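The file upload-v5.txt comes next; it holds compact mmCIF, C-alpha atoms.
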# COMPACT_ATOMS: atom_id res chain seq x y z
CA MET Z 1 -15.89 36.94 -16.60
CA SER Z 2 -12.14 37.14 -15.91
CA LEU Z 3 -10.45 36.27 -12.62
CA PRO Z 4 -9.22 39.05 -10.31
CA THR Z 5 -5.47 39.59 -10.01
CA ASN Z 6 -5.35 38.02 -6.53
CA PRO Z 7 -8.32 35.65 -6.38
CA THR Z 8 -9.68 34.29 -3.12
CA LEU Z 9 -10.03 30.51 -2.95
CA CYS Z 10 -12.66 28.63 -0.94
CA VAL Z 11 -11.97 24.95 -0.32
CA LEU Z 12 -15.42 23.44 0.11
CA GLY Z 13 -15.10 20.17 1.98
CA CYS Z 14 -11.98 19.50 4.06
CA GLY Z 15 -13.05 16.16 5.49
CA THR Z 16 -15.17 15.43 8.54
CA MET Z 17 -15.27 18.71 10.43
CA GLY Z 18 -15.41 18.25 14.16
CA GLU Z 19 -13.70 20.45 16.70
CA GLU Z 20 -10.57 18.29 16.51
CA SER Z 21 -10.34 18.62 12.71
CA ALA Z 22 -10.92 22.36 12.86
CA GLN Z 23 -8.18 22.77 15.47
CA ARG Z 24 -5.72 20.72 13.41
CA ILE Z 25 -6.26 22.90 10.34
CA LYS Z 26 -5.91 26.10 12.38
CA GLU Z 27 -2.62 24.89 13.83
CA GLU Z 28 -1.25 23.92 10.42
CA PHE Z 29 -2.14 27.12 8.54
CA ASN Z 30 -2.24 29.67 11.38
CA ASP Z 31 -3.61 33.00 10.09
CA LYS Z 32 -3.11 32.17 6.42
CA ILE Z 33 -6.71 30.98 6.06
CA THR Z 34 -10.16 31.68 7.44
CA LEU Z 35 -11.80 28.48 8.66
CA LEU Z 36 -15.59 28.25 8.56
CA VAL Z 37 -17.29 25.21 10.05
CA GLY Z 38 -20.90 24.57 8.97
CA ASN Z 39 -21.10 27.82 7.01
CA ASN Z 40 -20.57 26.89 3.37
CA VAL Z 41 -22.63 29.76 1.96
CA GLU Z 42 -20.53 32.42 3.68
CA GLY Z 43 -17.27 30.84 2.51
CA VAL Z 44 -18.44 30.67 -1.09
CA LYS Z 45 -19.79 34.22 -0.95
CA GLU Z 46 -16.38 35.64 0.01
CA ALA Z 47 -14.46 33.66 -2.64
CA ASP Z 48 -13.74 34.05 -6.34
CA ILE Z 49 -12.90 30.38 -6.88
CA ILE Z 50 -14.42 27.34 -5.18
CA LEU Z 51 -12.42 24.12 -4.98
CA LEU Z 52 -15.16 21.52 -4.59
CA CYS Z 53 -13.87 18.61 -2.48
CA THR Z 54 -17.01 17.18 -0.87
CA LYS Z 55 -18.21 13.60 -1.16
CA PRO Z 56 -20.17 12.98 -4.39
CA GLN Z 57 -23.14 11.87 -2.29
CA VAL Z 58 -23.64 15.29 -0.71
CA VAL Z 59 -22.65 17.74 -3.44
CA LYS Z 60 -26.19 18.38 -4.66
CA THR Z 61 -27.39 19.13 -1.14
CA ILE Z 62 -24.53 21.59 -0.60
CA LEU Z 63 -24.85 23.39 -3.92
CA THR Z 64 -28.61 23.80 -3.59
CA GLU Z 65 -28.80 24.83 0.07
CA GLU Z 66 -30.48 28.13 0.88
CA GLY Z 67 -28.41 31.13 -0.17
CA MET Z 68 -25.83 29.11 -2.13
CA GLN Z 69 -27.17 29.97 -5.58
CA LYS Z 70 -26.64 33.69 -5.08
CA SER Z 71 -23.20 33.12 -3.55
CA LEU Z 72 -22.14 31.06 -6.57
CA GLU Z 73 -23.03 33.67 -9.18
CA ASN Z 74 -20.12 34.54 -11.50
CA LYS Z 75 -17.78 32.22 -9.59
CA LEU Z 76 -15.43 29.49 -10.86
CA ILE Z 77 -15.92 25.97 -9.45
CA ILE Z 78 -13.06 23.50 -9.77
CA SER Z 79 -14.48 20.10 -8.84
CA ILE Z 80 -12.34 17.12 -7.84
CA LEU Z 81 -15.39 14.88 -7.32
CA ALA Z 82 -15.02 11.48 -8.99
CA GLY Z 83 -17.89 10.53 -11.27
CA VAL Z 84 -19.82 13.81 -11.02
CA THR Z 85 -19.97 15.39 -14.47
CA ILE Z 86 -19.79 19.00 -15.56
CA ASP Z 87 -23.39 18.76 -16.79
CA GLN Z 88 -24.56 17.55 -13.38
CA LEU Z 89 -22.78 20.41 -11.63
CA LYS Z 90 -24.29 22.89 -14.08
CA GLU Z 91 -27.75 21.65 -13.06
CA TRP Z 92 -27.10 22.60 -9.45
CA ALA Z 93 -25.29 25.89 -10.00
CA PRO Z 94 -26.39 29.24 -11.51
CA SER Z 95 -25.89 29.66 -15.25
CA SER Z 96 -23.21 32.29 -14.58
CA THR Z 97 -21.04 29.80 -12.66
CA ARG Z 98 -18.07 28.43 -14.59
CA ILE Z 99 -17.12 24.81 -13.96
CA ILE Z 100 -13.92 22.82 -14.46
CA ARG Z 101 -13.33 19.22 -13.41
CA ALA Z 102 -10.03 17.97 -12.07
CA MET Z 103 -8.80 14.56 -10.93
CA PRO Z 104 -5.68 14.80 -8.73
CA ASN Z 105 -4.14 11.91 -6.80
CA THR Z 106 -2.62 11.31 -3.39
CA PRO Z 107 1.03 12.07 -4.30
CA CYS Z 108 -0.05 15.69 -4.68
CA MET Z 109 0.56 15.77 -0.92
CA ILE Z 110 4.32 15.68 -1.61
CA ARG Z 111 4.16 17.63 -4.91
CA GLU Z 112 4.62 14.46 -6.95
CA GLY Z 113 1.03 14.22 -8.05
CA MET Z 114 -0.72 13.84 -11.39
CA THR Z 115 -3.81 15.90 -12.12
CA VAL Z 116 -5.97 15.71 -15.22
CA LEU Z 117 -8.35 18.57 -15.88
CA SER Z 118 -11.37 18.81 -18.16
CA CYS Z 119 -12.68 22.18 -19.33
CA PRO Z 120 -15.96 22.87 -21.14
CA THR Z 121 -15.78 24.33 -24.64
CA ASP Z 122 -16.69 27.80 -23.39
CA CYS Z 123 -13.94 27.82 -20.74
CA SER Z 124 -11.97 31.06 -20.74
CA LYS Z 125 -8.21 31.17 -21.19
CA ASP Z 126 -7.83 32.73 -17.72
CA ASP Z 127 -9.83 29.96 -16.00
CA ARG Z 128 -7.95 27.24 -17.85
CA SER Z 129 -4.51 28.75 -17.18
CA PHE Z 130 -5.23 29.34 -13.50
CA SER Z 131 -6.49 25.79 -12.98
CA ILE Z 132 -3.47 24.25 -14.68
CA TRP Z 133 -1.14 26.48 -12.66
CA VAL Z 134 -2.74 25.50 -9.35
CA PHE Z 135 -2.34 21.79 -9.91
CA SER Z 136 1.07 22.12 -11.59
CA THR Z 137 2.40 23.30 -8.23
CA LEU Z 138 1.50 19.83 -6.90
CA GLY Z 139 3.18 17.79 -9.64
CA ARG Z 140 2.16 17.26 -13.25
CA ALA Z 141 -1.06 18.53 -14.83
CA ARG Z 142 -2.65 18.12 -18.23
CA ILE Z 143 -5.96 18.66 -20.04
CA LEU Z 144 -8.14 15.84 -21.40
CA ASP Z 145 -11.71 15.58 -22.67
CA GLU Z 146 -14.19 14.79 -19.91
CA LYS Z 147 -15.04 11.42 -21.47
CA HIS Z 148 -11.64 10.18 -20.27
CA LEU Z 149 -11.99 11.20 -16.61
CA ASP Z 150 -13.43 7.90 -15.38
CA ALA Z 151 -10.41 6.09 -16.82
CA VAL Z 152 -8.17 8.77 -15.32
CA THR Z 153 -9.81 8.12 -11.95
CA GLY Z 154 -9.24 4.38 -12.27
CA LEU Z 155 -5.62 4.67 -13.40
CA SER Z 156 -4.21 7.86 -11.90
CA GLY Z 157 -6.57 8.43 -8.99
CA SER Z 158 -6.52 4.86 -7.72
CA GLY Z 159 -3.13 4.00 -9.20
CA PRO Z 160 -1.02 4.92 -6.15
CA ALA Z 161 -2.91 2.30 -4.12
CA PHE Z 162 -2.29 -0.34 -6.77
CA ALA Z 163 1.36 0.66 -7.00
CA CYS Z 164 1.71 0.28 -3.23
CA VAL Z 165 0.45 -3.30 -3.46
CA VAL Z 166 3.15 -4.03 -6.05
CA LEU Z 167 5.72 -2.22 -3.92
CA GLU Z 168 4.75 -4.19 -0.83
CA ALA Z 169 4.90 -7.47 -2.75
CA LEU Z 170 8.40 -6.69 -4.03
CA ALA Z 171 9.51 -5.82 -0.51
CA ASP Z 172 7.99 -9.08 0.77
CA GLY Z 173 10.12 -10.94 -1.75
CA GLY Z 174 13.20 -9.22 -0.41
CA VAL Z 175 12.24 -10.13 3.15
CA MET Z 176 11.69 -13.73 2.11
CA MET Z 177 15.22 -13.76 0.77
CA GLY Z 178 16.68 -12.39 4.01
CA LEU Z 179 16.57 -8.61 3.71
CA PRO Z 180 15.40 -6.56 6.70
CA ARG Z 181 11.90 -5.17 6.18
CA GLU Z 182 12.95 -1.51 6.11
CA VAL Z 183 15.67 -2.29 3.56
CA GLY Z 184 13.27 -4.24 1.38
CA LEU Z 185 10.80 -1.36 1.38
CA GLU Z 186 13.49 1.19 0.57
CA LEU Z 187 14.89 -0.84 -2.31
CA ALA Z 188 11.47 -1.62 -3.76
CA ALA Z 189 10.27 1.98 -3.48
CA GLN Z 190 13.42 3.37 -5.09
CA ALA Z 191 13.30 0.76 -7.86
CA LEU Z 192 9.72 1.77 -8.77
CA GLN Z 193 10.47 5.48 -8.44
CA GLY Z 194 13.61 5.20 -10.53
CA ALA Z 195 11.91 3.19 -13.27
CA ALA Z 196 8.99 5.63 -13.38
CA ARG Z 197 11.31 8.64 -13.61
CA MET Z 198 13.26 7.01 -16.43
CA VAL Z 199 10.05 6.62 -18.44
CA LEU Z 200 9.01 10.23 -17.81
CA LYS Z 201 12.41 11.83 -18.30
CA THR Z 202 13.67 9.82 -21.27
CA GLY Z 203 10.38 9.22 -23.05
CA LYS Z 204 11.39 5.59 -23.56
CA HIS Z 205 8.76 2.86 -23.64
CA PRO Z 206 8.79 0.75 -20.45
CA ALA Z 207 9.52 -2.33 -22.53
CA GLU Z 208 12.72 -0.71 -23.81
CA ILE Z 209 13.91 -0.02 -20.26
CA LYS Z 210 12.92 -3.53 -19.19
CA ASP Z 211 14.84 -5.11 -22.08
CA SER Z 212 17.95 -3.07 -21.27
CA VAL Z 213 18.09 -4.81 -17.87
CA THR Z 214 17.26 -8.28 -19.17
CA THR Z 215 20.36 -10.27 -20.13
CA PRO Z 216 20.20 -13.75 -21.67
CA GLY Z 217 19.95 -16.47 -19.06
CA GLY Z 218 20.03 -13.90 -16.24
CA CYS Z 219 18.07 -13.40 -13.05
CA THR Z 220 15.85 -10.66 -14.51
CA ILE Z 221 14.38 -12.82 -17.28
CA ALA Z 222 13.82 -15.60 -14.76
CA GLY Z 223 11.84 -13.23 -12.57
CA LEU Z 224 9.94 -11.77 -15.52
CA LEU Z 225 8.77 -15.21 -16.64
CA THR Z 226 7.52 -15.90 -13.12
CA MET Z 227 5.51 -12.66 -13.29
CA GLU Z 228 4.07 -13.69 -16.64
CA ASP Z 229 3.12 -17.09 -15.23
CA GLY Z 230 1.06 -15.21 -12.66
CA LYS Z 231 -0.72 -13.21 -15.38
CA ILE Z 232 0.40 -9.96 -13.80
CA ARG Z 233 -0.17 -7.92 -16.96
CA SER Z 234 -3.81 -8.90 -17.44
CA THR Z 235 -4.47 -8.72 -13.70
CA LEU Z 236 -3.22 -5.12 -13.47
CA ALA Z 237 -4.96 -4.10 -16.69
CA ARG Z 238 -8.24 -5.59 -15.49
CA THR Z 239 -7.73 -3.80 -12.19
CA ILE Z 240 -7.82 -0.47 -14.01
CA GLN Z 241 -10.84 -1.59 -16.02
CA GLU Z 242 -12.78 -2.47 -12.88
CA ALA Z 243 -11.82 0.72 -11.06
CA THR Z 244 -12.88 2.77 -14.11
CA GLN Z 245 -16.26 1.06 -14.26
CA VAL Z 246 -16.89 1.80 -10.58
CA ALA Z 247 -15.76 5.42 -11.04
CA SER Z 248 -18.34 5.84 -13.80
CA THR Z 249 -21.14 5.02 -11.34
CA LEU Z 250 -20.15 7.40 -8.55
CA GLY Z 251 -22.24 10.26 -9.92
CA ASN Z 252 -25.31 8.10 -10.54
CA ILE Z 253 -26.55 8.43 -6.98
CA GLN Z 254 -27.39 12.04 -7.66
CA SER Z 255 -31.01 12.58 -8.57
CA LYS Z 256 -32.09 15.06 -11.22
CA LYS Z 257 -33.91 18.27 -10.37
Just dump the structure as structure tokens.
Amino acid sequence: MSLPTNPTLCVLGCGTMGEESAQRIKEEFNDKITLLVGNNVEGVKEADIILLCTKPQVVKTILTEEGMQKSLENKLIISILAGVTIDQLKEWAPSSTRIIRAMPNTPCMIREGMTVLSCPTDCSKDDRSFSIWVFSTLGRARILDEKHLDAVTGLSGSGPAFACVVLEALADGGVMMGLPREVGLELAAQALQGAARMVLKTGKHPAEIKDSVTTPGGCTIAGLLTMEDGKIRSTLARTIQEATQVASTLGNIQSKK
């Protein structure tokens, strides 16, 4: 089934929905959206596409609540739930429901995000193109096989948090050497942003960019050796490994039908 020309999108799960949260969303979007609190079935019924943003722990309960099955018929679900597979979602949705998985990250909030999508083999061109377009407006987007999404979650999904630890540590070093805190943060953030953009824009390997800065007997090589003494490479690599392993268990709490 193809998408309509102007599809209606239902965002299912916008965080903890109390009166305060509902009011904040109303103020931010004004009349551009219809906000339904505690009425998931009605929201899904009126939509063509459902962006599934709930916690993994409650997704089965939501998708199997009374009236939801009929509302989901012939709809497209785009799920951003970590660890919950396409096969699991297919168990809880009607056979006519199309499902795509996506893993965005926090920088999507400023349109500097990275989203990886996984589409089943029977995914239509329209569904695939629409999903890529949606997330491309928030940064970069690409397609990968679903088997890679746990690693994507560990690296790209959790990566901004890990990067912020590195950023903070670099800024701390600047403060230790006499820089004001706000200056240290600015310099560290711009250094990381600039290096990252050089990799993406030039296609150069990070080692090539690193070597271009590293002169014999200079301060950069002295700092790099200190980093190597602290086993920073293996520590960061193992960080991604551990985060990936945890991501792979997030869907296990869901019981089968």
To one decimal place, how far is atom CA of Glu182 of chain Z from atom CA of Val199 of chain Z in Å? 26.0 Å
Between atom CA of Asp122 of chain Z and atom CA of Met103 of chain Z, what is the distance in Å, rounded to a tenth?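 We find that atom CA of Asp122 of chain Z and atom CA of Met103 of chain Z lie 19.8 Å from each other.
You will find atom CA of Ser124 of chain Z at 9.1 Å from atom CA of Arg98 of chain Z.
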Go through Z:Leu167, Z:Val134, Z:Ile209, Z:Cys119 and flag the residue nearest Lys147 of chain Z, using only C-alpha atoms for the distances. Z:Cys119
If you count only C-alpha atoms, which residues fall within 7 Å of segment 51-67 of chain Z, apart from same-chain ones fewer than 2 positions away, as a ChimeraX atom specification? /Z:10-14,41,49,69-71,77-81,84,92-93,250-251,253-254
Compare Z:Ala163, Z:Val175, Z:Ile132, Z:Val152 by their minimum atom-to-atom distance to Pro107 of chain Z, counting all atoms listed in the file, and give me the closest one.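 Among the listed residues, the smallest separation from Pro107 of chain Z belongs to Z:Ala163.
With all atoms listed in the file as the basis for measurement, Z:Ser158 is the residue among Z:Cys123, Z:Ile143, Z:Leu72, Z:Ser158 that approaches Asn105 of chain Z most closely.
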